Structures are given as C-alpha cells and as structure tokens.
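Asks: Next comes target_15.cif, mmCIF, C-alpha atoms:
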```cif
data_entry
#
loop_
_atom_site.label_atom_id
_atom_site.label_comp_id
_atom_site.auth_asym_id
_atom_site.auth_seq_id
_atom_site.Cartn_x
_atom_site.Cartn_y
_atom_site.Cartn_z
CA GLY N 1 -5.91 -15.86 -10.04
CA CYS N 2 -8.17 -12.98 -10.91
CA GLY N 3 -7.87 -11.23 -14.24
CA GLY N 4 -6.46 -7.83 -14.97
CA PRO N 5 -2.96 -6.87 -13.85
CA SER N 6 -0.91 -9.88 -12.85
CA ASP N 7 1.42 -10.27 -9.90
CA THR N 8 4.66 -12.16 -9.72
CA GLY N 9 6.17 -10.83 -6.53
CA GLY N 10 8.83 -9.34 -8.75
CA SER N 11 10.52 -12.64 -9.52
CA ASP N 12 9.12 -13.97 -12.78
CA SER N 13 7.98 -12.47 -16.02
CA VAL N 14 4.27 -12.90 -16.64
CA SER N 15 1.95 -12.19 -19.49
CA ASP N 16 -1.56 -10.94 -18.80
CA SER N 17 -3.33 -8.38 -20.89
CA GLY N 18 -6.15 -7.80 -18.41
CA SER N 19 -9.68 -8.95 -18.99
CA SER N 20 -10.99 -5.50 -19.88
CA SER N 21 -8.08 -3.91 -21.68
CA SER N 22 -8.90 -2.51 -25.09
CA SER N 23 -5.40 -3.42 -26.18
CA SER N 24 -4.97 -6.75 -27.95
CA ALA N 25 -1.24 -6.86 -27.22
CA GLU N 26 -0.09 -8.58 -24.07
CA VAL N 27 2.38 -6.85 -21.78
CA ASP N 28 5.23 -8.73 -20.15
CA TYR N 29 6.45 -7.23 -16.91
CA GLU N 30 7.56 -7.98 -13.40
CA GLY N 31 4.67 -7.05 -11.13
CA TYR N 32 4.89 -4.19 -8.66
CA PHE N 33 2.63 -5.75 -6.05
CA LYS N 34 2.42 -9.03 -4.18
CA SER N 35 -0.79 -11.02 -4.00
CA LEU N 36 -1.14 -12.70 -0.60
CA THR N 37 -3.41 -15.59 0.36
CA ILE N 38 -6.20 -15.38 2.89
CA THR N 39 -6.96 -18.08 5.45
CA SER N 40 -9.45 -20.84 4.66
CA GLY N 41 -11.27 -20.37 7.98
CA ASN N 42 -12.69 -17.36 9.76
CA LEU N 43 -10.64 -14.22 10.04
CA LEU N 44 -9.19 -13.96 13.53
CA VAL N 45 -9.71 -10.45 14.86
CA TYR N 46 -7.36 -9.12 17.52
CA GLY N 47 -7.75 -5.92 19.48
CA ARG N 48 -11.55 -6.13 19.57
CA SER N 49 -12.05 -8.25 22.68
CA GLU N 50 -9.18 -6.71 24.64
CA SER N 51 -7.41 -3.37 24.78
CA LEU N 52 -3.82 -3.49 23.57
CA SER N 53 -0.87 -1.28 24.34
CA ARG N 54 1.25 0.06 21.49
CA ALA N 55 3.96 -2.51 22.28
CA GLN N 56 1.35 -5.29 22.18
CA GLU N 57 0.04 -4.00 18.86
CA PHE N 58 3.53 -4.25 17.37
CA PHE N 59 3.68 -7.86 18.55
CA GLY N 60 0.25 -8.56 17.04
CA GLU N 61 1.16 -6.92 13.74
CA SER N 62 4.34 -8.98 13.52
CA VAL N 63 2.43 -12.22 14.09
CA GLN N 64 -0.11 -11.09 11.49
CA GLY N 65 2.64 -10.41 8.98
CA LEU N 66 4.50 -13.67 9.56
CA PHE N 67 1.40 -15.79 9.00
CA ALA N 68 0.60 -13.78 5.86
CA GLN N 69 4.15 -14.44 4.68
CA LYS N 70 3.46 -18.18 5.05
CA GLY N 71 0.43 -17.88 2.76
CA ASP N 72 -2.13 -17.64 5.57
CA SER N 73 -3.47 -14.10 6.09
CA ARG N 74 -5.61 -15.18 9.01
CA TYR N 75 -5.36 -12.15 11.33
CA TYR N 76 -7.17 -8.81 11.18
CA HIS N 77 -6.19 -5.86 13.39
CA TYR N 78 -9.46 -4.43 14.62
CA ARG N 79 -10.09 -0.71 14.18
CA THR N 80 -13.33 1.23 14.38
CA GLY N 81 -14.89 3.21 11.55
CA SER N 82 -14.28 2.08 7.99
CA TYR N 83 -12.11 -0.84 9.09
CA ASP N 84 -15.17 -2.22 10.85
CA THR N 85 -17.09 -1.72 7.59
CA TRP N 86 -14.48 -3.66 5.59
CA LEU N 87 -14.54 -6.46 8.14
CA SER N 88 -18.34 -6.65 7.97
CA GLU N 89 -18.33 -6.63 4.16
CA ILE N 90 -15.75 -9.40 4.01
CA GLU N 91 -18.47 -11.49 5.61
CA THR N 92 -21.57 -10.13 3.84
CA GLU N 93 -20.07 -9.61 0.36
CA TYR N 94 -17.39 -12.31 0.27
CA GLY N 95 -18.72 -14.95 2.66
CA LYS N 96 -15.94 -15.09 5.23
CA GLY N 97 -16.84 -14.88 8.90
CA ASN N 98 -14.70 -13.62 11.73
CA GLU N 99 -14.11 -14.32 15.41
CA ASP N 100 -12.18 -12.72 18.22
CA VAL N 101 -8.73 -13.91 19.21
CA THR N 102 -6.58 -12.84 22.13
CA LEU N 103 -2.91 -11.94 22.09
CA ALA N 104 -2.22 -15.04 24.19
CA GLN N 105 -3.83 -17.19 21.51
CA MET N 106 -1.75 -15.50 18.83
CA LEU N 107 1.36 -16.23 20.87
CA ASP N 108 0.43 -19.92 21.09
CA ALA N 109 -0.25 -20.13 17.35
CA PHE N 110 3.09 -18.52 16.58
CA LYS N 111 4.98 -20.97 18.79
CA GLU N 112 3.13 -23.96 17.38
CA GLU N 113 3.34 -23.08 13.69
CA ILE N 114 6.27 -20.74 13.13
CA GLY N 115 8.86 -20.61 15.90
CA THR N 116 9.87 -19.12 19.23
CA GLY N 117 12.34 -16.40 18.26
CA TYR N 118 12.00 -12.67 18.69
CA VAL N 119 13.82 -9.45 17.94
CA LEU N 120 14.08 -7.08 20.88
CA PHE N 121 13.50 -3.39 20.14
CA ASP N 122 12.86 -0.04 21.77
CA GLU N 123 9.56 1.49 20.65
CA SER N 124 10.77 4.99 21.62
CA SER N 125 13.42 4.83 18.88
CA SER N 126 12.23 5.14 15.28
CA ALA N 127 15.36 3.44 13.95
CA SER N 128 14.96 0.55 16.39
CA VAL N 129 11.34 0.00 15.34
CA ASN N 130 12.24 -0.03 11.65
CA CYS N 131 15.18 -2.38 12.21
CA ALA N 132 12.91 -4.73 14.15
CA ARG N 133 10.26 -4.62 11.40
CA SER N 134 12.91 -5.40 8.81
CA ILE N 135 14.54 -8.23 10.77
CA ALA N 136 11.21 -9.83 11.71
CA GLY N 137 10.33 -10.23 8.04
CA VAL N 138 13.52 -11.89 6.85
CA LYS N 139 14.23 -13.93 9.99
CA GLY N 140 10.73 -15.14 10.83
CA VAL N 141 10.73 -13.74 14.37
CA VAL N 142 8.21 -11.61 16.24
CA MET N 143 8.76 -8.07 17.50
CA ILE N 144 9.11 -7.69 21.26
CA ASP N 145 9.47 -4.27 22.83
CA GLU N 146 11.60 -3.94 25.97
CA SER N 147 8.43 -3.57 28.04
CA LEU N 148 7.27 -7.05 26.96
CA LYS N 149 10.58 -8.88 27.35
CA GLU N 150 9.71 -10.50 30.68
CA TRP N 151 6.31 -11.59 29.31
CA ALA N 152 7.92 -13.04 26.20
CA ASP N 153 10.64 -14.92 28.08
CA SER N 154 8.21 -16.34 30.61
CA ASN N 155 6.00 -17.60 27.78
CA GLY N 156 8.71 -19.60 26.04
CA LEU N 157 10.00 -17.10 23.48
CA THR N 158 13.74 -16.68 22.89
CA GLN N 159 15.57 -13.50 22.02
CA GLU N 160 17.53 -14.04 18.82
CA TYR N 161 18.18 -10.47 17.67
CA ASP N 162 18.64 -7.11 19.37
CA ALA N 163 17.64 -3.99 17.43
CA ARG N 164 17.65 -1.54 20.32
CA GLU N 165 20.87 0.23 19.37
CA MET N 166 21.00 -0.74 15.70
CA THR N 167 21.02 1.95 13.02
CA GLU N 168 18.95 1.57 9.87
CA LYS N 169 22.11 1.50 7.78
CA GLU N 170 23.57 -1.30 9.93
CA CYS N 171 20.36 -3.26 9.41
CA PHE N 172 20.42 -2.68 5.65
CA ASP N 173 24.07 -3.67 5.34
CA ALA N 174 23.57 -6.81 7.42
CA TYR N 175 20.47 -8.17 5.66
CA LYS N 176 20.39 -6.49 2.25
CA ASP N 177 20.66 -9.78 0.40
CA GLU N 178 17.64 -11.18 2.27
CA PHE N 179 15.19 -8.32 1.75
CA ASP N 180 12.78 -8.32 -1.18
CA ASN N 181 13.69 -5.26 -3.23
CA THR N 182 10.44 -5.08 -5.20
CA GLY N 183 9.15 -2.75 -2.48
CA LEU N 184 10.42 -0.30 0.10
CA VAL N 185 8.75 1.00 3.28
CA GLN N 186 9.34 4.59 4.44
CA GLN N 187 7.59 4.61 7.79
CA LYS N 188 7.93 6.57 11.00
CA GLY N 189 8.81 4.43 13.98
CA GLU N 190 5.87 5.82 15.91
CA ASN N 191 3.45 4.32 13.37
CA ILE N 192 2.27 0.76 13.87
CA GLN N 193 0.61 0.73 10.46
CA LEU N 194 2.15 -1.19 7.53
CA THR N 195 4.06 -3.46 9.92
CA ASP N 196 2.01 -6.50 8.89
CA TYR N 197 2.51 -5.94 5.17
CA ALA N 198 6.20 -5.03 5.42
CA ILE N 199 6.89 -8.26 7.31
CA ALA N 200 4.70 -10.35 5.01
CA CYS N 201 6.64 -9.11 1.97
CA LYS N 202 10.11 -9.02 3.59
CA PHE N 203 10.51 -5.36 2.72
CA TYR N 204 13.23 -3.16 4.15
CA CYS N 205 11.90 -0.38 6.41
CA TYR N 206 13.57 2.95 7.11
CA PHE N 207 12.83 6.64 7.67
CA VAL N 208 15.82 8.93 7.20
CA THR N 209 14.89 12.48 8.21
CA ASP N 210 18.21 14.32 8.10
CA GLN N 211 20.00 15.61 5.03
CA THR N 212 23.62 15.11 5.95
CA PRO N 213 25.91 13.92 3.13
CA ALA N 214 26.18 10.49 4.75
CA SER N 215 22.40 10.14 5.01
CA LEU N 216 21.83 11.26 1.42
CA THR N 217 24.45 8.80 0.23
CA PHE N 218 22.69 6.05 2.16
CA ARG N 219 19.29 6.95 0.72
CA ASN N 220 20.71 6.91 -2.78
CA GLU N 221 22.17 3.47 -2.11
CA VAL N 222 18.82 2.14 -0.91
CA GLN N 223 16.82 3.68 -3.76
CA ASP N 224 19.26 2.35 -6.33
CA TRP N 225 19.07 -1.13 -4.78
CA CYS N 226 15.26 -1.19 -5.20
CA SER N 227 14.92 0.96 -8.31
CA GLY N 228 11.63 0.69 -10.18
CA CYS N 229 9.62 -0.29 -7.08
CA ALA N 230 6.62 0.88 -5.07
CA VAL N 231 7.62 2.97 -2.04
CA TYR N 232 5.06 2.54 0.76
CA GLY N 233 4.52 4.91 3.66
CA TRP N 234 5.28 8.58 3.24
CA CYS N 235 8.00 11.19 2.91
CA PRO N 236 10.63 11.64 5.62
CA ILE N 237 11.76 15.13 4.56
CA ASP N 238 9.09 16.81 2.43
CA GLU N 239 6.75 15.84 -0.38
CA GLY N 240 8.52 17.50 -3.31
CA THR N 241 11.99 16.39 -2.25
CA ASP N 242 11.12 12.78 -1.48
CA VAL N 243 8.80 12.07 -4.41
CA ALA N 244 11.46 13.47 -6.75
CA PHE N 245 14.07 11.34 -4.99
CA SER N 246 12.16 8.12 -5.68
CA SER N 247 11.18 9.22 -9.18
CA ARG N 248 14.80 9.54 -10.22
CA TYR N 249 15.09 5.80 -9.62
CA GLY N 250 11.94 4.93 -11.55
CA SER N 251 9.97 4.31 -8.35
CA PHE N 252 6.67 5.75 -7.16
CA THR N 253 5.29 6.66 -3.73
CA LEU N 254 2.12 5.15 -2.28
CA ALA N 255 0.91 7.36 0.56
CA SER N 256 -0.02 4.59 2.96
CA ASP N 257 1.59 5.34 6.32
CA TYR N 258 -1.77 5.03 8.10
CA CYS N 259 -2.97 1.84 6.39
CA TYR N 260 -3.91 -1.13 8.55
CA ASN N 261 -4.47 -4.72 7.38
CA MET N 262 -2.85 -4.43 3.96
CA SER N 263 -1.85 -8.08 4.35
CA VAL N 264 -5.58 -8.91 4.23
CA PHE N 265 -6.72 -6.42 1.59
CA SER N 266 -3.99 -7.53 -0.84
CA CYS N 267 -5.38 -11.08 -1.00
CA THR N 268 -6.61 -10.50 -4.53
CA ASP N 269 -7.51 -14.10 -5.37
CA PHE N 270 -9.89 -14.23 -2.41
CA PHE N 271 -11.74 -11.06 -3.37
CA GLY N 272 -11.99 -12.28 -6.97
CA VAL N 273 -12.22 -8.82 -8.51
CA ASP N 274 -11.76 -9.06 -12.26
CA TYR N 275 -12.97 -6.07 -14.25
CA LEU N 276 -14.58 -3.15 -12.45
CA GLU N 277 -16.98 -0.95 -14.37
CA GLN N 278 -17.61 2.62 -13.30
CA PRO N 279 -21.24 3.10 -12.26
CA ASN N 280 -21.85 6.28 -14.27
CA ALA N 281 -21.11 6.27 -17.98
CA PRO N 282 -19.45 9.40 -19.36
CA ALA N 283 -21.67 11.75 -21.31
CA ASP N 284 -21.66 11.66 -25.08
CA ILE N 285 -19.50 14.57 -26.22
CA SER N 286 -22.00 15.35 -28.93
CA ASP N 287 -24.39 16.50 -26.19
CA TYR N 288 -22.17 19.43 -25.34
CA ALA N 289 -22.66 22.87 -26.91
CA THR N 290 -19.76 24.51 -28.71
CA ASP N 291 -20.61 28.01 -27.51
CA LYS N 292 -20.18 27.34 -23.78
CA HIS N 293 -17.31 26.83 -21.37
CA TYR N 294 -17.49 23.71 -19.21
CA ILE N 295 -15.97 23.19 -15.78
CA THR N 296 -15.00 19.97 -14.08
CA ILE N 297 -14.26 19.79 -10.35
CA VAL N 298 -12.01 16.92 -9.32
CA THR N 299 -10.84 16.07 -5.81
CA SER N 300 -7.16 15.74 -5.08
CA ASP N 301 -5.46 13.26 -2.71
CA GLY N 302 -6.99 10.18 -4.33
CA ASP N 303 -3.49 8.73 -4.53
CA ASN N 304 -3.53 8.41 -0.72
CA LEU N 305 -4.37 4.79 -0.02
CA GLN N 306 -5.06 5.58 3.63
CA CYS N 307 -7.85 7.96 2.55
CA TRP N 308 -9.61 5.03 0.92
CA TYR N 309 -8.70 2.55 3.66
CA GLY N 310 -9.87 4.97 6.34
CA GLY N 311 -13.06 6.14 4.63
CA THR N 312 -12.06 9.77 4.09
CA PHE N 313 -14.09 9.90 0.88
CA GLU N 314 -17.18 8.36 2.47
CA SER N 315 -18.36 11.76 3.65
CA GLY N 316 -21.81 12.90 2.58
CA GLN N 317 -20.57 16.43 1.99
CA TYR N 318 -17.85 18.21 0.08
CA MET N 319 -17.03 21.88 -0.32
CA GLY N 320 -20.08 22.76 1.78
CA ALA N 321 -22.53 21.01 -0.56
CA GLU N 322 -24.42 17.80 -0.14
CA ARG N 323 -22.82 14.99 -2.06
CA GLY N 324 -24.77 14.53 -5.28
CA ASP N 325 -25.78 18.18 -5.66
CA PHE N 326 -23.49 18.45 -8.67
CA PRO N 327 -21.38 16.04 -10.76
CA MET N 328 -18.02 15.44 -9.14
CA GLY N 329 -14.77 13.84 -10.22
CA TRP N 330 -12.88 11.71 -7.70
CA SER N 331 -9.23 10.89 -8.15
CA ILE N 332 -8.57 7.31 -7.11
CA SER N 333 -5.51 5.10 -7.10
CA PRO N 334 -5.65 2.10 -9.46
CA ALA N 335 -3.14 0.45 -7.09
CA LEU N 336 -6.20 -0.40 -5.00
CA TYR N 337 -6.90 -3.09 -7.58
CA SER N 338 -4.00 -4.99 -5.99
CA LEU N 339 -3.91 -3.47 -2.51
CA GLY N 340 -7.60 -3.12 -1.69
CA PRO N 341 -9.88 -4.54 -4.38
CA ASN N 342 -12.69 -4.87 -1.85
CA ILE N 343 -12.41 -1.16 -1.08
CA LEU N 344 -12.34 -0.26 -4.77
CA GLU N 345 -15.38 -2.42 -5.44
CA HIS N 346 -17.19 -0.89 -2.46
CA THR N 347 -16.42 2.60 -3.78
CA TYR N 348 -17.84 1.91 -7.22
CA ARG N 349 -20.82 0.06 -5.76
CA ASN N 350 -21.75 2.99 -3.49
CA ALA N 351 -21.06 5.84 -5.91
CA GLY N 352 -23.70 8.51 -6.26
CA ALA N 353 -25.39 9.50 -9.51
CA GLY N 354 -22.91 12.33 -10.12
CA ASP N 355 -19.72 10.55 -9.09
CA ARG N 356 -17.09 9.79 -11.71
CA PHE N 357 -13.56 8.50 -11.11
CA VAL N 358 -10.23 9.44 -12.64
CA CYS N 359 -6.75 8.02 -12.12
CA SER N 360 -4.83 9.90 -9.43
CA VAL N 361 -1.34 11.39 -9.80
CA SER N 362 0.58 10.25 -11.66
CA GLY N 363 -0.78 6.77 -12.33
CA LEU N 364 -0.16 3.78 -10.09
CA GLY N 365 1.45 6.03 -7.49
CA TYR N 366 2.64 9.53 -6.82
CA THR N 367 5.60 10.21 -9.09
CA TYR N 368 7.15 12.92 -11.27
CA PRO N 369 7.28 11.34 -14.75
CA MET N 370 9.84 13.77 -16.17
CA SER N 371 12.40 12.38 -13.68
CA TYR N 372 12.05 8.87 -15.13
CA THR N 373 14.32 7.56 -17.83
CA THR N 374 12.60 6.92 -21.14
CA GLU N 375 12.84 3.15 -20.59
CA ALA N 376 11.51 3.30 -17.01
CA LEU N 377 8.60 5.50 -18.03
CA ALA N 378 7.65 3.19 -20.90
CA ARG N 379 7.55 0.22 -18.50
CA TYR N 380 5.56 2.17 -15.94
CA CYS N 381 2.97 3.30 -18.49
CA ALA N 382 2.63 -0.20 -19.97
CA ILE N 383 1.72 -1.58 -16.55
CA LEU N 384 -0.47 1.42 -15.74
CA ASP N 385 -2.42 0.79 -18.96
CA GLU N 386 -3.34 -2.66 -17.67
CA TYR N 387 -4.64 -1.19 -14.41
CA LEU N 388 -6.61 1.53 -16.20
CA GLY N 389 -8.39 -1.14 -18.20
CA ALA N 390 -9.13 -3.28 -15.15
CA CYS N 391 -10.46 -0.29 -13.16
CA ASP N 392 -12.37 1.34 -16.03
CA LEU N 393 -10.33 4.55 -15.69
CA SER N 394 -9.76 6.61 -18.81
CA VAL N 395 -8.49 9.95 -17.49
CA VAL N 396 -5.09 10.23 -15.81
CA LYS N 397 -3.93 13.09 -13.62
CA ILE N 398 -0.27 14.07 -14.07
CA LEU N 399 1.51 16.17 -11.46
CA ASP N 400 5.01 17.33 -12.32
CA ASN N 401 7.29 20.33 -12.73
CA GLY N 402 6.84 20.25 -16.47
CA LEU N 403 5.30 18.29 -19.32
CA PRO N 404 8.09 17.40 -21.74
CA GLU N 405 7.57 15.54 -24.99
CA LYS N 406 8.92 12.38 -23.35
CA THR N 407 6.04 12.33 -20.86
CA ILE N 408 3.40 13.06 -23.49
CA GLU N 409 4.75 10.33 -25.75
CA ALA N 410 4.83 7.69 -23.01
CA TYR N 411 1.38 8.41 -21.56
CA SER N 412 -0.24 8.72 -24.99
CA GLN N 413 0.78 5.13 -25.78
CA MET N 414 -1.78 3.82 -23.27
CA GLU N 415 -4.79 2.60 -25.20
CA ASN N 416 -7.05 2.75 -22.15
CA ALA N 417 -6.25 6.43 -21.51
CA LYS N 418 -8.50 8.86 -23.35
CA GLY N 419 -7.29 12.09 -21.78
CA PHE N 420 -5.22 13.75 -19.07
CA LEU N 421 -5.43 16.41 -16.40
CA TYR N 422 -2.08 18.15 -15.91
#
```
Translate this structure into structure tokens?
Replies:
Amino acid sequence: GCGGPSDTGGSDSVSDSGSSSSSSAEVDYEGYFKSLTITSGNLLVYGRSESLSRAQEFFGESVQGLFAQKGDSRYYHYRTGSYDTWLSEIETEYGKGNEDVTLAQMLDAFKEEIGTGYVLFDESSSASVNCARSIAGVKGVVMIDESLKEWADSNGLTQEYDAREMTEKECFDAYKDEFDNTGLVQQKGENIQLTDYAIACKFYCYFVTDQTPASLTFRNEVQDWCSGCAVYGWCPIDEGTDVAFSSRYGSFTLASDYCYNMSVFSCTDFFGVDYLEQPNAPADISDYATDKHYITIVTSDGDNLQCWYGGTFESGQYMGAERGDFPMGWSISPALYSLGPNILEHTYRNAGAGDRFVCSVSGLGYTYPMSYTTEALARYCAILDEYLGACDLSVVKILDNGLPEKTIEAYSQMENAKGFLY
C-alpha cells in the first residue's frame, strides 16, 4: 500500500513509520481508519442519468456500501459541485473513467453477486434508518424503505429483517458481536450521507438525542464498547457535550455527517498518495524583526471533513478580501490522508501563494485531550505524529477547556510538530 500512516482495519498490529516522518522510530498501533479497494473498471455513477427519490438513494447507498465491503468500491453517488470535480479528477489525475448506471442495473448486480435479501425500514423514523444501516452492513442485505417494498418484492428480493419498529438499543444488543468497533457512526436518520461507508465498514449507527438516564447509560455502553475509535457524523445533543463524551473514552469526532462517497475516497491504495509537501515553505524565522508584533489569521472548521468534501474552502474570497491578498492559515484535518487523499492532494496542488496549512483541532479529529487518559493520549499522539509527517503539517491546533501538563507532555513528544495554537 501507500506509505505514511498504515491501516489495519483495527485487527492487527502494524509497523510503519511513514515515508516522510522525521522520527527514526517506528510506531506500532492498530489503525483508526479502513483502507478500501476501488474497482478495476470504470466507476459506475448512479443518480446522474436519472432522478432518485430519498428512498431510492438509501437503496443505492446500501448497494454501494456492500460492494465496497467486498473489496470492490465500484459505485459513485453523483452530486453536483465539488463532487463532480472529484469525479472528473479521478479520471484526469488518476486515470479512471466513469459511466452512468441505473438503479435497475444496480439491483441486478446485487442479485447476481451478493444476494437477494433486504431489511425493511421506515425512512420517517431516525431510529429505523439507523437500525437498517447497521443491519445491512453486518448481514449483507440492502435497505428497502416501505415505499419500495412492492418494487423490491416484484424484482426478486426477499425481506429478511424488519427495522421499522426496532429501537437503536435493540439493534445494538442483537448484533453487537458482529459490528466492527473500530468506528462508530452518529448520524441523523434524515441524512443519506455516510450510509455507504458505514455499511462498507460494518459500523454501528445511532443518534441518541435525549438525555434520560436510560439513554445516557446506553450511550456510555456504546462508547465503552468502541473506546479509542473514530466517531463519524456529528453530535446528537450539542458540540461541547458530545465531543467531551467521546473524549472520555479516548475517541475523537470527525464532523462528516454530510459526506458522500467516503467508500470511494478512502481507497488509499488507488490514489497512491505517499508524502504530501505543502506548496509554500514557511519563512525563515531569522527574517522577522524583534521589535514588531506579528499576527497570524487561521481559519477554523478545518476539522470538518464535509467542508473539504463539499468544497467549502474553494471560495475565492474570505473575510471580504480576495483570496491571496494576504497570507492565510488554513486548518485542515490530517484524517483526509486516509479518508480523502485525492481531496488533500487537490487542496495542496491548488493552494495560492499565501496559503499555509495547519493541523485542525485537536489532531486527527475533534477531541478534548485533557479528557483522555495518559495512555490513550500517548497512543493518539503517536499516531497523529505519523499523519503530521505524511501531510507535511507542523503546527497543531488544540481546543480544550484547559492545557494541563499531561497534554503539553504528550503533544510535545511528536517530532513532526514544531508548535501549537491553543
């Protein structure tokens, strides 16, 4: 595979120091992210040649995820804007063409290569959607909303599971031993996004919005079960509460609830990104005067993967000024190295003369380091150091309710980190 941070799917210990790391010591760890495998033929694009209902999109996303789970990320959910740019660049920069495919063709491919089973769900119920997403991944079945049941039955599919009245706790209790606990998806049922990746990775999906004692007990049970993992999606209650909740279990949040096609963008071997070098070298400190104050302006929200997926930072303006009028710092998530290397490479390749990148809060994902145990924080920083080296990032933003000695000690051990913004 490509150099830099290694991936094991959380099952084996690997050793990979990263091709660009300044550290000579190798780091053994269980990887946070899964590397999927892209198809050998053209990407098959659905939703471009025909308009799809929300229920049909859920079906398409589930087929996309199941093929990705089999090691064949062949499908791409068409969206306009930046997603069209990524699709075009996959052809122009990486040599893979694409062609349209209909939902009927996806149905035939599923029946021929995977199976005929489906889980029935109610798209108006958030819990039902998340239970269906979860079951589809571990049972190898597609998602069929009630509105599509007649279509599914008439086309040779068979209902094997019913998630219409199932609670998220019932789903967790029933299939806990089958889910992959190296990741967790917190996603609203109204969102189609992340369905493909959640199914491909067999992650458990839930979105608990109330704060009753029973619900808090359940959330603690889930977070403990997948401690030290990446939490995809976003926060069901509020940012401070939920990020702290995950941090207490040594996990970090990846704001990604509006990300499409993660099952394609996480095919790291295909994109072949090894070491990325920032386009603008930092100034020599000796050039700075000692009798002046210097200001740096750095954008926030770079930890949001959907901002990079969706092209939020492609704008030609910021703060009322034309991009390039003054040097600007951009916070960016090094997790893109594993979850969107093509997007990361595009960003560096198209940077302006004044653009410089720093690692977003608080490393690989949004977390409060002071809530980590000493051991969990040491592991997190060891892996982060690998990603900093691979992404040529030397400044790390830290967001927390304090900066105890434990945090300073752990982050200062990273040889690729030269400084911090607190």
Asks: When distances are computed from all atoms listed in the file, which of N:Leu344, N:Val119, N:Ala376, N:Leu421 shows the smallest separation from Ser362 of chain N?
Replies: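 The answer is N:Leu421, which sits nearest to Ser362 of chain N.
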Asks: Leaving out segment 294-300 of chain N and any residue of its chain fewer than 5 positions from it, which residues lie within 8 Å of it when counting all atoms listed in the file, given as a list in words?
Replies: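 Close residues of segment 294-300 of chain N: Met328, Gly329, Trp330, Ser331 and Ser360 of chain N.
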Asks: Suppose we keep C-alpha atoms; can you now write the selection as an mmCIF file, keeping the file's coordinate frame?
Replies:
```
data_model
loop_
_atom_site.group_PDB
_atom_site.id
_atom_site.type_symbol
_atom_site.label_atom_id
_atom_site.label_comp_id
_atom_site.auth_asym_id
_atom_site.auth_seq_id
_atom_site.Cartn_x
_atom_site.Cartn_y
_atom_site.Cartn_z
ATOM 1 C CA MET N 328 -18.020 15.440 -9.140
ATOM 2 C CA GLY N 329 -14.770 13.840 -10.220
ATOM 3 C CA TRP N 330 -12.880 11.710 -7.700
ATOM 4 C CA SER N 331 -9.230 10.890 -8.150
ATOM 5 C CA SER N 360 -4.830 9.900 -9.430
#
```
Asks: How many Å lie between atom CA of Trp225 of chain N and atom CA of Lys202 of chain N, rounded to one decimal?
Replies: 14.6 Å
Asks: Go ahead and compute the interatomic distance for atom CA of Ser333 of chain N and atom CA of Ser256 of chain N, in Å to one decimal.
Replies: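 Atom-to-atom, atom CA of Ser333 of chain N to atom CA of Ser256 of chain N, that is 11.5 Å.
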Asks: Work out how far apart atom CA of Tyr368 of chain N and atom CA of Leu276 of chain N are and give it in Å to one decimal.
Replies: 27.1 Å
